[in-house]
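**Student:** This is work-v3.txt (compact mmCIF, C-alpha atoms).
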```txt
# COMPACT_ATOMS: atom_id res chain seq x y z
CA MET A 492 0.00 0.00 0.00
CA ARG A 493 1.32 3.42 -0.96
CA SER A 494 1.74 6.10 1.66
CA ILE A 495 -0.02 9.40 1.05
CA TRP A 496 1.69 11.42 3.79
CA ASN A 497 4.91 11.21 5.83
CA GLY A 498 5.31 12.74 9.25
CA ALA A 499 5.45 11.83 12.92
CA ILE A 500 3.22 11.20 15.90
CA SER A 501 3.88 13.61 18.74
CA PHE A 502 3.29 11.68 21.96
CA GLY A 503 4.40 14.01 24.74
CA LEU A 504 8.16 14.24 24.22
CA VAL A 505 8.12 11.07 22.10
CA SER A 506 8.23 11.45 18.32
CA ILE A 507 7.25 8.44 16.20
CA PRO A 508 8.06 8.67 12.46
CA ILE A 509 5.09 7.26 10.54
CA LYS A 510 3.64 6.87 7.06
CA LEU A 511 -0.06 7.48 6.41
CA VAL A 512 -1.80 4.77 4.36
CA ASN A 513 -5.42 4.69 3.25
CA ALA A 514 -7.34 2.08 5.24
CA THR A 515 -10.37 2.08 2.93
CA GLU A 516 -10.98 1.93 -0.79
CA SER A 517 -13.95 2.47 -3.05
CA HIS A 518 -15.21 -0.38 -5.22
CA SER A 519 -17.90 1.68 -6.95
CA ILE A 520 -18.00 1.41 -10.74
CA SER A 521 -17.30 4.65 -12.58
CA PHE A 522 -18.54 5.59 -16.04
CA ARG A 523 -17.24 7.91 -18.76
CA GLN A 524 -19.27 10.50 -20.59
CA ILE A 525 -19.58 9.87 -24.32
CA HIS A 526 -21.21 11.40 -27.36
CA THR A 527 -24.26 9.17 -27.89
CA GLU A 528 -24.15 9.57 -31.68
CA ASP A 529 -20.64 8.23 -32.28
CA GLY A 530 -19.39 7.02 -28.86
CA GLY A 531 -16.61 9.64 -28.67
CA ARG A 532 -15.26 10.54 -25.23
CA ILE A 533 -16.45 13.77 -23.65
CA ARG A 534 -13.54 15.37 -21.77
CA TYR A 535 -13.20 18.37 -19.53
CA ARG A 536 -10.68 21.00 -20.56
CA LYS A 537 -9.36 23.75 -18.31
CA VAL A 538 -9.79 27.02 -20.16
CA CYS A 539 -8.75 30.50 -19.07
CA GLU A 540 -11.78 32.79 -19.24
CA LEU A 541 -9.70 35.88 -20.10
CA GLU A 542 -7.60 34.38 -22.88
CA ASP A 543 -10.20 31.82 -24.01
CA ARG A 544 -7.60 29.08 -24.37
CA GLU A 545 -6.80 25.78 -22.71
CA VAL A 546 -4.00 25.96 -20.13
CA ALA A 547 -1.65 23.26 -18.85
CA GLN A 548 -1.61 22.04 -15.26
CA ALA A 549 1.72 23.83 -14.64
CA GLU A 550 0.01 27.18 -15.33
CA ILE A 551 -2.79 26.62 -12.81
CA GLY A 552 -2.57 28.01 -9.28
CA LYS A 553 -4.90 28.67 -6.37
CA ALA A 554 -6.80 31.79 -5.34
CA TYR A 555 -9.40 32.79 -2.77
CA GLU A 556 -12.49 34.51 -4.11
CA ASP A 557 -13.48 37.48 -1.95
CA ALA A 558 -17.06 38.52 -1.34
CA ASP A 559 -16.88 41.13 -4.12
CA GLY A 560 -15.47 38.60 -6.61
CA THR A 561 -11.83 39.66 -6.26
CA MET A 562 -9.37 36.79 -6.65
CA ILE A 563 -6.58 36.71 -4.06
CA PRO A 564 -3.71 34.47 -5.31
CA ILE A 565 -2.43 31.91 -2.79
CA THR A 566 0.77 29.96 -3.46
CA ASP A 567 2.02 26.69 -1.99
CA GLU A 568 4.84 28.65 -0.37
CA ASP A 569 2.30 30.85 1.42
CA LEU A 570 0.59 27.79 2.86
CA ALA A 571 3.87 26.09 3.80
CA GLN A 572 4.99 29.11 5.84
CA LEU A 573 1.87 29.19 8.02
CA PRO A 574 2.69 28.76 11.74
CA ILE A 575 0.87 25.41 12.10
CA PRO A 576 2.65 22.88 14.35
CA THR A 577 0.68 20.00 12.86
CA ALA A 578 1.97 20.52 9.31
CA LYS A 579 4.06 17.36 9.53
CA THR A 580 3.00 16.06 12.94
CA ILE A 581 0.02 14.15 14.30
CA GLU A 582 -0.14 15.87 17.66
CA ILE A 583 -1.95 13.87 20.35
CA VAL A 584 -3.80 16.24 22.66
CA ALA A 585 -5.84 13.87 24.88
CA PHE A 586 -6.85 10.30 25.66
CA VAL A 587 -10.57 9.62 26.11
CA PRO A 588 -12.93 6.61 26.26
CA ALA A 589 -14.05 5.44 22.84
CA ASP A 590 -17.74 6.03 23.64
CA ARG A 591 -17.03 9.74 23.93
CA ILE A 592 -16.68 9.95 20.15
CA ASP A 593 -19.92 10.65 18.29
CA PRO A 594 -20.18 8.34 15.23
CA LEU A 595 -21.45 11.35 13.29
CA GLN A 596 -17.93 12.77 13.47
CA MET A 597 -16.33 9.75 11.76
CA ASP A 598 -14.66 10.49 8.43
CA ALA A 599 -11.94 8.75 6.39
CA ALA A 600 -9.81 6.01 7.97
CA TYR A 601 -6.05 5.50 7.71
CA TYR A 602 -3.40 3.07 8.91
CA LEU A 603 -0.32 4.52 10.58
CA SER A 604 2.80 2.58 9.60
CA ALA A 605 6.08 2.88 11.48
CA ASN A 606 8.54 4.68 9.21
CA GLY A 607 11.88 2.95 9.67
CA VAL A 608 13.49 0.72 12.30
CA PRO A 609 13.94 3.47 14.97
CA ALA A 610 10.17 4.04 14.95
CA ALA A 611 9.34 0.44 15.90
CA LYS A 612 9.96 0.84 19.66
CA PRO A 613 7.93 4.04 20.32
CA TYR A 614 5.25 2.83 17.88
CA THR A 615 4.83 -0.39 19.86
CA LEU A 616 4.85 1.57 23.13
CA LEU A 617 1.96 3.79 22.00
CA ARG A 618 0.04 0.80 20.62
CA GLU A 619 0.32 -1.20 23.84
CA ALA A 620 -0.52 1.85 25.96
CA LEU A 621 -3.72 2.35 23.96
CA LYS A 622 -4.60 -1.32 24.37
CA ARG A 623 -4.09 -1.36 28.12
CA SER A 624 -5.88 1.91 28.77
CA GLN A 625 -8.84 0.91 26.56
CA LYS A 626 -8.95 4.51 25.40
CA VAL A 627 -8.48 6.31 22.10
CA ALA A 628 -6.17 9.22 21.39
CA ILE A 629 -7.49 12.53 20.09
CA ALA A 630 -5.04 14.27 17.79
CA LYS A 631 -4.68 17.20 15.40
CA TYR A 632 -2.97 16.93 12.03
CA ALA A 633 -2.80 18.79 8.73
CA LEU A 634 -3.64 17.08 5.45
CA ARG A 635 -4.60 18.34 1.98
CA GLY A 636 -4.45 22.00 2.83
CA ARG A 637 -6.29 22.09 6.14
CA GLU A 638 -5.90 21.16 9.79
CA ARG A 639 -7.99 18.21 10.85
CA LEU A 640 -9.08 16.32 13.94
CA GLY A 641 -8.31 12.61 14.33
CA MET A 642 -8.86 9.62 16.59
CA LEU A 643 -6.16 6.98 17.04
CA ARG A 644 -7.10 3.43 18.06
CA VAL A 645 -5.61 -0.05 17.75
CA VAL A 646 -6.78 -2.45 15.02
CA ASP A 647 -5.11 -5.86 15.41
CA ASP A 648 -1.43 -4.84 15.76
CA VAL A 649 -1.71 -1.57 13.84
CA ILE A 650 -2.50 1.96 14.97
CA ALA A 651 -5.38 3.26 12.89
CA MET A 652 -6.48 6.88 12.65
CA HIS A 653 -10.02 8.00 11.88
CA GLY A 654 -10.44 11.48 10.58
CA LEU A 655 -13.02 13.36 12.62
CA LEU A 656 -15.19 16.28 11.67
CA TRP A 657 -14.82 19.32 13.87
CA PRO A 658 -17.71 19.70 16.33
CA ASP A 659 -18.98 22.82 14.53
CA GLU A 660 -19.22 20.79 11.29
CA ILE A 661 -21.98 18.59 12.74
CA ARG A 662 -25.36 20.09 11.92
CA VAL A 663 -28.02 20.27 14.60
CA PRO A 664 -30.96 18.00 13.62
CA GLU A 665 -33.47 20.78 14.09
CA GLY A 666 -36.78 20.16 12.38
CA VAL A 667 -35.83 16.64 11.31
CA ALA A 668 -37.85 14.60 13.82
CA PRO A 669 -41.64 14.25 13.35
CA ASP A 670 -43.34 17.35 14.67
CA THR A 671 -46.64 15.59 15.44
CA GLY A 672 -47.44 13.85 18.69
CA VAL A 673 -47.29 10.08 18.22
CA THR A 674 -48.03 7.48 20.90
CA VAL A 675 -46.47 4.04 20.60
CA ARG A 676 -48.25 1.29 22.51
CA ASP A 677 -46.45 -1.40 24.52
CA LYS A 678 -47.90 -4.11 22.28
CA GLU A 679 -46.36 -2.42 19.23
CA LEU A 680 -43.00 -2.26 21.00
CA ASP A 681 -43.33 -5.96 21.92
CA LEU A 682 -43.83 -6.87 18.27
CA ALA A 683 -40.95 -4.63 17.21
CA ASP A 684 -38.72 -6.35 19.78
CA ALA A 685 -39.89 -9.75 18.54
CA LEU A 686 -39.07 -8.77 14.96
CA MET A 687 -35.59 -7.60 16.00
CA ASP A 688 -34.96 -10.87 17.85
CA THR A 689 -36.27 -12.96 14.94
CA LEU A 690 -34.07 -11.21 12.40
CA GLY A 691 -31.14 -11.80 14.72
CA GLU A 692 -27.60 -10.59 14.08
CA VAL A 693 -25.42 -10.59 10.98
CA ASP A 694 -21.72 -10.81 10.30
CA LEU A 695 -20.87 -7.65 8.36
CA ALA A 696 -18.24 -9.61 6.43
CA ASP A 697 -21.07 -11.62 4.83
CA LEU A 698 -22.69 -8.53 3.32
CA HIS A 699 -21.82 -7.46 -0.20
CA ASP A 700 -22.83 -4.94 -2.85
CA ASP A 701 -25.55 -6.59 -4.95
CA TYR A 702 -25.90 -3.53 -7.15
CA ARG A 703 -22.21 -3.48 -8.09
CA GLU A 704 -22.30 -7.20 -8.93
CA ALA A 705 -25.35 -6.69 -11.15
CA VAL A 706 -23.61 -3.82 -12.96
CA GLU A 707 -20.50 -5.94 -13.51
CA GLU A 708 -22.60 -8.79 -14.94
CA MET A 709 -24.38 -6.34 -17.24
CA ILE A 710 -21.05 -4.92 -18.48
CA THR A 711 -19.69 -8.43 -19.10
CA ALA A 712 -22.79 -9.40 -21.06
CA LYS A 713 -22.71 -6.25 -23.21
CA ALA A 714 -18.97 -6.62 -23.85
CA SER A 715 -19.54 -10.16 -25.16
CA GLY A 716 -22.46 -9.07 -27.33
CA GLU A 717 -25.08 -10.82 -25.21
CA GLN A 718 -28.35 -9.44 -23.94
CA PRO A 719 -28.07 -8.47 -20.26
CA ALA A 720 -30.33 -10.42 -17.95
CA THR A 721 -33.29 -8.53 -16.57
CA SER A 722 -34.97 -9.15 -13.26
CA PRO A 723 -38.76 -9.09 -12.93
CA SER A 724 -40.19 -5.93 -11.47
CA PRO A 725 -41.31 -6.44 -7.87
CA ALA A 726 -45.02 -6.29 -7.29
CA PRO A 727 -46.06 -2.99 -5.74
CA GLY A 728 -46.76 -3.45 -2.07
CA ALA A 729 -50.08 -2.47 -0.61
CA LYS A 730 -50.27 0.57 1.61
CA VAL A 731 -49.93 -0.36 5.25
CA LEU A 732 -52.77 1.13 7.21
CA ASP A 733 -52.48 -1.02 10.36
CA LEU A 734 -49.06 -0.88 12.06
CA MET A 735 -49.86 -3.88 14.27
CA ALA A 736 -50.82 -6.02 11.28
CA ALA A 737 -47.65 -4.99 9.47
CA LEU A 738 -45.48 -5.88 12.47
CA GLU A 739 -47.18 -9.25 12.97
CA LYS A 740 -46.81 -10.08 9.26
CA SER A 741 -43.15 -9.06 9.37
CA VAL A 742 -42.51 -11.35 12.35
CA ARG A 743 -44.26 -14.29 10.65
CA GLU A 744 -42.34 -13.81 7.40
CA ALA A 745 -39.04 -13.48 9.28
CA GLN A 746 -39.78 -16.69 11.20
CA GLN A 747 -40.64 -18.56 8.02
CA SER A 748 -37.49 -17.28 6.34
CA ARG A 749 -35.38 -18.38 9.30
CA ALA A 750 -37.13 -21.77 9.47
CA THR A 751 -36.02 -22.59 5.93
CA ASP A 752 -32.35 -22.18 6.94
CA PRO A 753 -31.30 -25.01 9.31
CA GLU A 754 -28.27 -23.04 10.52
CA THR A 755 -30.31 -20.11 11.77
CA LYS A 756 -33.48 -21.97 12.74
CA ALA A 757 -32.34 -22.42 16.34
CA GLU A 758 -31.68 -18.70 16.74
CA VAL A 759 -35.37 -17.76 16.48
CA ARG A 760 -36.65 -16.84 19.91
CA PRO A 761 -40.22 -17.63 21.05
CA LEU A 762 -42.46 -14.59 21.17
CA SER A 763 -44.66 -15.64 24.08
CA PRO A 764 -42.03 -15.10 26.84
CA ARG A 765 -41.55 -11.48 25.75
CA ALA A 766 -45.28 -10.77 25.82
CA THR A 767 -45.92 -12.47 29.20
CA PRO A 768 -44.40 -9.75 31.44
CA LYS A 769 -46.40 -7.11 29.59
CA GLN A 770 -49.80 -8.76 30.40
CA ALA A 771 -50.03 -7.40 33.93
CA THR A 772 -53.36 -5.66 33.37
CA GLY A 773 -56.63 -7.04 32.09
CA LYS A 774 -56.54 -4.54 29.24
CA LYS A 775 -53.44 -6.12 27.71
CA SER A 776 -54.86 -9.69 28.00
CA THR A 777 -58.08 -8.70 26.24
CA SER A 778 -56.23 -7.06 23.34
CA THR A 779 -53.99 -10.11 23.00
CA ALA A 780 -56.91 -12.52 22.93
CA THR A 781 -58.70 -10.42 20.36
CA LYS A 782 -55.63 -10.34 18.13
CA LYS A 783 -55.26 -14.12 18.40
CA ALA A 784 -58.86 -14.58 17.29
CA THR A 785 -58.45 -12.41 14.21
CA THR A 786 -54.92 -13.27 13.09
CA PRO A 787 -52.84 -16.47 13.22
CA THR A 788 -50.62 -16.77 16.27
CA LYS A 789 -46.96 -16.31 15.67
CA LYS A 790 -45.15 -19.22 17.34
CA PRO A 791 -47.60 -22.17 17.15
CA GLN A 792 -47.54 -21.99 13.33
CA PRO A 793 -43.97 -23.30 12.89
CA ARG A 794 -44.57 -25.99 15.52
CA ALA A 795 -47.70 -27.24 13.78
CA SER A 796 -45.94 -27.46 10.42
CA THR A 797 -42.67 -29.06 11.55
CA SER A 798 -44.01 -32.64 11.84
CA THR A 799 -47.02 -33.88 9.86
CA SER A 800 -46.88 -37.35 11.41
CA THR A 801 -47.05 -35.93 14.95
CA SER A 802 -50.08 -33.80 14.10
CA ALA A 803 -51.84 -36.81 12.52
CA LYS A 804 -51.16 -38.95 15.56
CA LYS A 805 -52.61 -36.31 17.86
CA THR A 806 -55.69 -36.01 15.66
CA THR A 807 -56.47 -39.77 15.60
CA GLN A 808 -55.51 -40.83 19.12
CA GLY A 809 -55.86 -37.93 21.51
CA THR A 810 -58.40 -35.52 20.07
CA LYS A 811 -60.81 -35.74 22.97
CA LYS A 812 -58.12 -35.33 25.62
CA THR A 813 -56.56 -32.37 23.87
CA THR A 814 -59.92 -30.66 23.43
CA ALA A 815 -60.78 -31.12 27.08
CA LYS A 816 -57.50 -29.56 28.17
CA LYS A 817 -57.50 -26.62 25.76
CA THR A 818 -61.12 -25.47 26.15
CA PRO A 819 -60.92 -24.00 29.70
CA THR A 820 -57.64 -22.10 29.15
CA LYS A 821 -57.63 -20.96 25.52
CA THR A 822 -60.19 -19.45 23.22
CA PRO A 823 -61.57 -21.68 20.44
CA ALA A 824 -59.70 -19.54 17.90
CA LYS A 825 -56.40 -21.24 18.62
CA LYS A 826 -57.56 -24.83 17.88
CA PRO A 827 -58.59 -24.35 14.21
CA THR A 828 -55.12 -23.05 13.38
CA PRO A 829 -53.29 -26.44 13.52
CA ARG A 830 -56.08 -28.11 11.54
CA LYS A 831 -55.76 -25.56 8.75
CA ARG A 832 -51.98 -25.96 8.68
CA THR A 833 -52.13 -29.80 8.50
CA ALA A 834 -54.95 -29.86 5.97
```
Using structure tokens, write down the structure from this file.
**Tutor:**
Amino acid sequence: MRSIWNGAISFGLVSIPIKLVNATESHSISFRQIHTEDGGRIRYRKVCELEDREVAQAEIGKAYEDADGTMIPITDEDLAQLPIPTAKTIEIVAFVPADRIDPLQMDAAYYLSANGVPAAKPYTLLREALKRSQKVAIAKYALRGRERLGMLRVVDDVIAMHGLLWPDEIRVPEGVAPDTGVTVRDKELDLADALMDTLGEVDLADLHDDYREAVEEMITAKASGEQPATSPSPAPGAKVLDLMAALEKSVREAQQSRATDPETKAEVRPLSPRATPKQATGKKSTSTATKKATTPTKKPQPRASTSTSTSAKKTTQGTKKTTAKKTPTKTPAKKPTPRKRTA
């Protein structure tokens, strides 16, 4: 990996020569602009407005445009002579817990590589100190014409630096949240919790860019003279008017999706234990019973469909016993559900 900046980490009186290396890269597919009639490239040329001619890169400098439109020329020598101590130094100013950093401030990420053999000892010292303290270092550095804020932390055996936005660069979310009063019921939160538990966790390393892969396949097909494959348009979903119904349907679909995968089937949690503590009042029990009578229950469905032979055995041998046990404690709405699933 190529370094994009050479300097040093200032750690008190310790100076650690380092090289700055990009820790991230973009895999997005870029396109060129062409003339649609003949496929010719469309290029951008740098033209001087006063002379109306194209100029070379060596003739181009920088300038600051004043409020009245006046251009104030700024040279690289002017910027190099500014009294900024962080011009070639990553100056650590504090050590703080990692949870003190707002994720909104996170910017580009870099790896800090020890620059030379003499840098190995102080580099390792700073790395191990960060590990033992379980803190991150806040630093200031200058890169690409401006002073920036950074956070140093340990990734494996490497010191990584995240560029941070300055606090005044974070916009206040004024007027972003809904301005109308909305009440969320406990039952809705229970279903949202159940949906979160059913979906479970995911290893971020397993996620990939489906759109980029589809674009690459399309480019390959067109380059070989083939017709790119097209996917059917998804059916437009109906407007959701009942939030409870939408949550219950989402939980059922997530459970069915998990049940088809034997590796994740065991991770699905039952929904009834989460709802039990919430049924302290008679009002909650009534709403739950009503919902069970109108919509299929969430957990008994997978159990009824997992073994056809078990359901048949219960139907032929123990129908009377099961009916006698279920009638006093459950509403009749729950019994037709297994029969419909086995039919």
**Student:** Find the residues near A:Tyr555: any atom within 7 Å, counting only C-alpha atoms, skip ones fewer than 3 places away on the same chain, and give them as a PyMOL selection string.
**Tutor:** chain A and resi 562-564
**Student:** Could you check the closest approach to A:Glu744 for each of A:Gly503, A:Asn497, A:Leu686, A:Ala589 and tell me which residue wins, using all atoms listed in the file?
**Tutor:**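 Smallest separation from A:Glu744 among the options: A:Leu686.
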**Student:** Please list as a short mmCIF file (atom, residue, chain, number, x, y, z; two decimals) with C-alpha atoms, in the coordinates of the input every residue within 10 Å of A:Met642, counting all atoms listed in the file and excluding residues in the same chain fewer than 3 positions away.
**Tutor:**
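part_36.cif, written as the output of this step:
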```cif
data_model
loop_
_atom_site.label_atom_id
_atom_site.label_comp_id
_atom_site.auth_asym_id
_atom_site.auth_seq_id
_atom_site.Cartn_x
_atom_site.Cartn_y
_atom_site.Cartn_z
CA ILE A 583 -1.95 13.87 20.35
CA ALA A 585 -5.84 13.87 24.88
CA PHE A 586 -6.85 10.30 25.66
CA VAL A 587 -10.57 9.62 26.11
CA ALA A 589 -14.05 5.44 22.84
CA ILE A 592 -16.68 9.95 20.15
CA MET A 597 -16.33 9.75 11.76
CA ALA A 600 -9.81 6.01 7.97
CA VAL A 627 -8.48 6.31 22.10
CA ALA A 628 -6.17 9.22 21.39
CA ILE A 629 -7.49 12.53 20.09
CA ALA A 630 -5.04 14.27 17.79
CA LYS A 631 -4.68 17.20 15.40
CA ALA A 651 -5.38 3.26 12.89
CA MET A 652 -6.48 6.88 12.65
CA HIS A 653 -10.02 8.00 11.88
CA GLY A 654 -10.44 11.48 10.58
CA LEU A 655 -13.02 13.36 12.62
#
```
**Student:** Figure out the distance between atom CA of A:Asp700 and atom CA of A:Asp684, please, to one decimal in Å.
**Tutor:** 27.7 Å
**Student:** Can you work out which one of A:Glu679, A:Asp557, A:Glu692, A:Asp590 has the shortest atom-to-atom distance to A:Ala736, counting all atoms listed in the file?
**Tutor:**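 Result for the nearest residue to A:Ala736: A:Glu679.
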**Student:** Would you mind listing what lies within 12 Å of A:Ala578 as a list of chain:residue names, with only C-alpha atoms counted and same-chain residues fewer than 3 positions away left out?
**Tutor:** A:Trp496, A:Asn497, A:Gly498, A:Ala499, A:Ile500, A:Ser501, A:Leu570, A:Ala571, A:Gln572, A:Leu573, A:Pro574, A:Ile575, A:Ile581, A:Glu582, A:Lys631, A:Tyr632, A:Ala633, A:Leu634, A:Arg635, A:Gly636, A:Arg637, A:Glu638, A:Arg639
**Student:** Take the point (-25.0, -5.7, -10.1) as written in the file and pick out every residue within 12 Å of it, counting all atoms listed in the file; give the list as a list in words.
**Tutor:**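 Within the cut-off we find Ser519, Ile520, His699, Asp700, Asp701, Tyr702, Arg703, Glu704, Ala705, Val706, Glu707, Glu708, Met709, Ile710, Thr711, Ala712, Pro719, Ala720, Thr721 and Ser722 of chain A.
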**Student:** Please compute the atom CA of A:Gly641-atom CA of A:Leu656 distance, one decimal, in Å.
**Tutor:**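 Computing it gives 8.2 Å between the two atoms.
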**Student:** What is the distance between atom CA of A:Pro508 and atom CA of A:Asn606, in Å to one decimal?
**Tutor:**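 Going from atom CA of A:Pro508 over to atom CA of A:Asn606 covers 5.2 Å.
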**Student:** Taking only C-alpha atoms, show stretch 571-638 of chain A of the given structure as a PDB file, in the first residue's frame.
**Tutor:**
```
ATOM      1  CA  ALA A 571       3.872  26.091   3.796  1.00  0.00           C
ATOM      2  CA  GLN A 572       4.988  29.115   5.841  1.00  0.00           C
ATOM      3  CA  LEU A 573       1.865  29.193   8.015  1.00  0.00           C
ATOM      4  CA  PRO A 574       2.686  28.757  11.737  1.00  0.00           C
ATOM      5  CA  ILE A 575       0.868  25.407  12.102  1.00  0.00           C
ATOM      6  CA  PRO A 576       2.653  22.881  14.353  1.00  0.00           C
ATOM      7  CA  THR A 577       0.677  19.998  12.859  1.00  0.00           C
ATOM      8  CA  ALA A 578       1.965  20.519   9.305  1.00  0.00           C
ATOM      9  CA  LYS A 579       4.064  17.364   9.529  1.00  0.00           C
ATOM     10  CA  THR A 580       2.996  16.058  12.936  1.00  0.00           C
ATOM     11  CA  ILE A 581       0.024  14.155  14.300  1.00  0.00           C
ATOM     12  CA  GLU A 582      -0.138  15.869  17.665  1.00  0.00           C
ATOM     13  CA  ILE A 583      -1.945  13.869  20.353  1.00  0.00           C
ATOM     14  CA  VAL A 584      -3.804  16.240  22.664  1.00  0.00           C
ATOM     15  CA  ALA A 585      -5.844  13.874  24.879  1.00  0.00           C
ATOM     16  CA  PHE A 586      -6.852  10.296  25.658  1.00  0.00           C
ATOM     17  CA  VAL A 587     -10.572   9.623  26.106  1.00  0.00           C
ATOM     18  CA  PRO A 588     -12.931   6.611  26.265  1.00  0.00           C
ATOM     19  CA  ALA A 589     -14.047   5.444  22.836  1.00  0.00           C
ATOM     20  CA  ASP A 590     -17.738   6.025  23.636  1.00  0.00           C
ATOM     21  CA  ARG A 591     -17.033   9.738  23.933  1.00  0.00           C
ATOM     22  CA  ILE A 592     -16.684   9.950  20.151  1.00  0.00           C
ATOM     23  CA  ASP A 593     -19.916  10.652  18.294  1.00  0.00           C
ATOM     24  CA  PRO A 594     -20.181   8.342  15.232  1.00  0.00           C
ATOM     25  CA  LEU A 595     -21.450  11.352  13.291  1.00  0.00           C
ATOM     26  CA  GLN A 596     -17.928  12.774  13.465  1.00  0.00           C
ATOM     27  CA  MET A 597     -16.330   9.746  11.760  1.00  0.00           C
ATOM     28  CA  ASP A 598     -14.665  10.493   8.431  1.00  0.00           C
ATOM     29  CA  ALA A 599     -11.939   8.749   6.386  1.00  0.00           C
ATOM     30  CA  ALA A 600      -9.807   6.005   7.971  1.00  0.00           C
ATOM     31  CA  TYR A 601      -6.050   5.499   7.711  1.00  0.00           C
ATOM     32  CA  TYR A 602      -3.398   3.073   8.906  1.00  0.00           C
ATOM     33  CA  LEU A 603      -0.319   4.521  10.583  1.00  0.00           C
ATOM     34  CA  SER A 604       2.798   2.584   9.596  1.00  0.00           C
ATOM     35  CA  ALA A 605       6.083   2.882  11.480  1.00  0.00           C
ATOM     36  CA  ASN A 606       8.540   4.683   9.210  1.00  0.00           C
ATOM     37  CA  GLY A 607      11.876   2.949   9.673  1.00  0.00           C
ATOM     38  CA  VAL A 608      13.494   0.724  12.302  1.00  0.00           C
ATOM     39  CA  PRO A 609      13.938   3.472  14.966  1.00  0.00           C
ATOM     40  CA  ALA A 610      10.171   4.044  14.951  1.00  0.00           C
ATOM     41  CA  ALA A 611       9.337   0.441  15.902  1.00  0.00           C
ATOM     42  CA  LYS A 612       9.959   0.837  19.658  1.00  0.00           C
ATOM     43  CA  PRO A 613       7.934   4.035  20.323  1.00  0.00           C
ATOM     44  CA  TYR A 614       5.251   2.831  17.881  1.00  0.00           C
ATOM     45  CA  THR A 615       4.827  -0.389  19.858  1.00  0.00           C
ATOM     46  CA  LEU A 616       4.850   1.569  23.127  1.00  0.00           C
ATOM     47  CA  LEU A 617       1.962   3.789  22.002  1.00  0.00           C
ATOM     48  CA  ARG A 618       0.041   0.804  20.622  1.00  0.00           C
ATOM     49  CA  GLU A 619       0.319  -1.200  23.842  1.00  0.00           C
ATOM     50  CA  ALA A 620      -0.521   1.846  25.963  1.00  0.00           C
ATOM     51  CA  LEU A 621      -3.721   2.353  23.963  1.00  0.00           C
ATOM     52  CA  LYS A 622      -4.600  -1.321  24.369  1.00  0.00           C
ATOM     53  CA  ARG A 623      -4.085  -1.355  28.122  1.00  0.00           C
ATOM     54  CA  SER A 624      -5.882   1.913  28.772  1.00  0.00           C
ATOM     55  CA  GLN A 625      -8.841   0.911  26.556  1.00  0.00           C
ATOM     56  CA  LYS A 626      -8.946   4.512  25.397  1.00  0.00           C
ATOM     57  CA  VAL A 627      -8.478   6.311  22.100  1.00  0.00           C
ATOM     58  CA  ALA A 628      -6.167   9.215  21.388  1.00  0.00           C
ATOM     59  CA  ILE A 629      -7.488  12.532  20.093  1.00  0.00           C
ATOM     60  CA  ALA A 630      -5.038  14.272  17.787  1.00  0.00           C
ATOM     61  CA  LYS A 631      -4.679  17.201  15.404  1.00  0.00           C
ATOM     62  CA  TYR A 632      -2.973  16.935  12.029  1.00  0.00           C
ATOM     63  CA  ALA A 633      -2.799  18.794   8.731  1.00  0.00           C
ATOM     64  CA  LEU A 634      -3.642  17.080   5.447  1.00  0.00           C
ATOM     65  CA  ARG A 635      -4.602  18.343   1.981  1.00  0.00           C
ATOM     66  CA  GLY A 636      -4.453  22.002   2.827  1.00  0.00           C
ATOM     67  CA  ARG A 637      -6.288  22.088   6.144  1.00  0.00           C
ATOM     68  CA  GLU A 638      -5.897  21.160   9.785  1.00  0.00           C
TER      69      GLU A 638
END
```
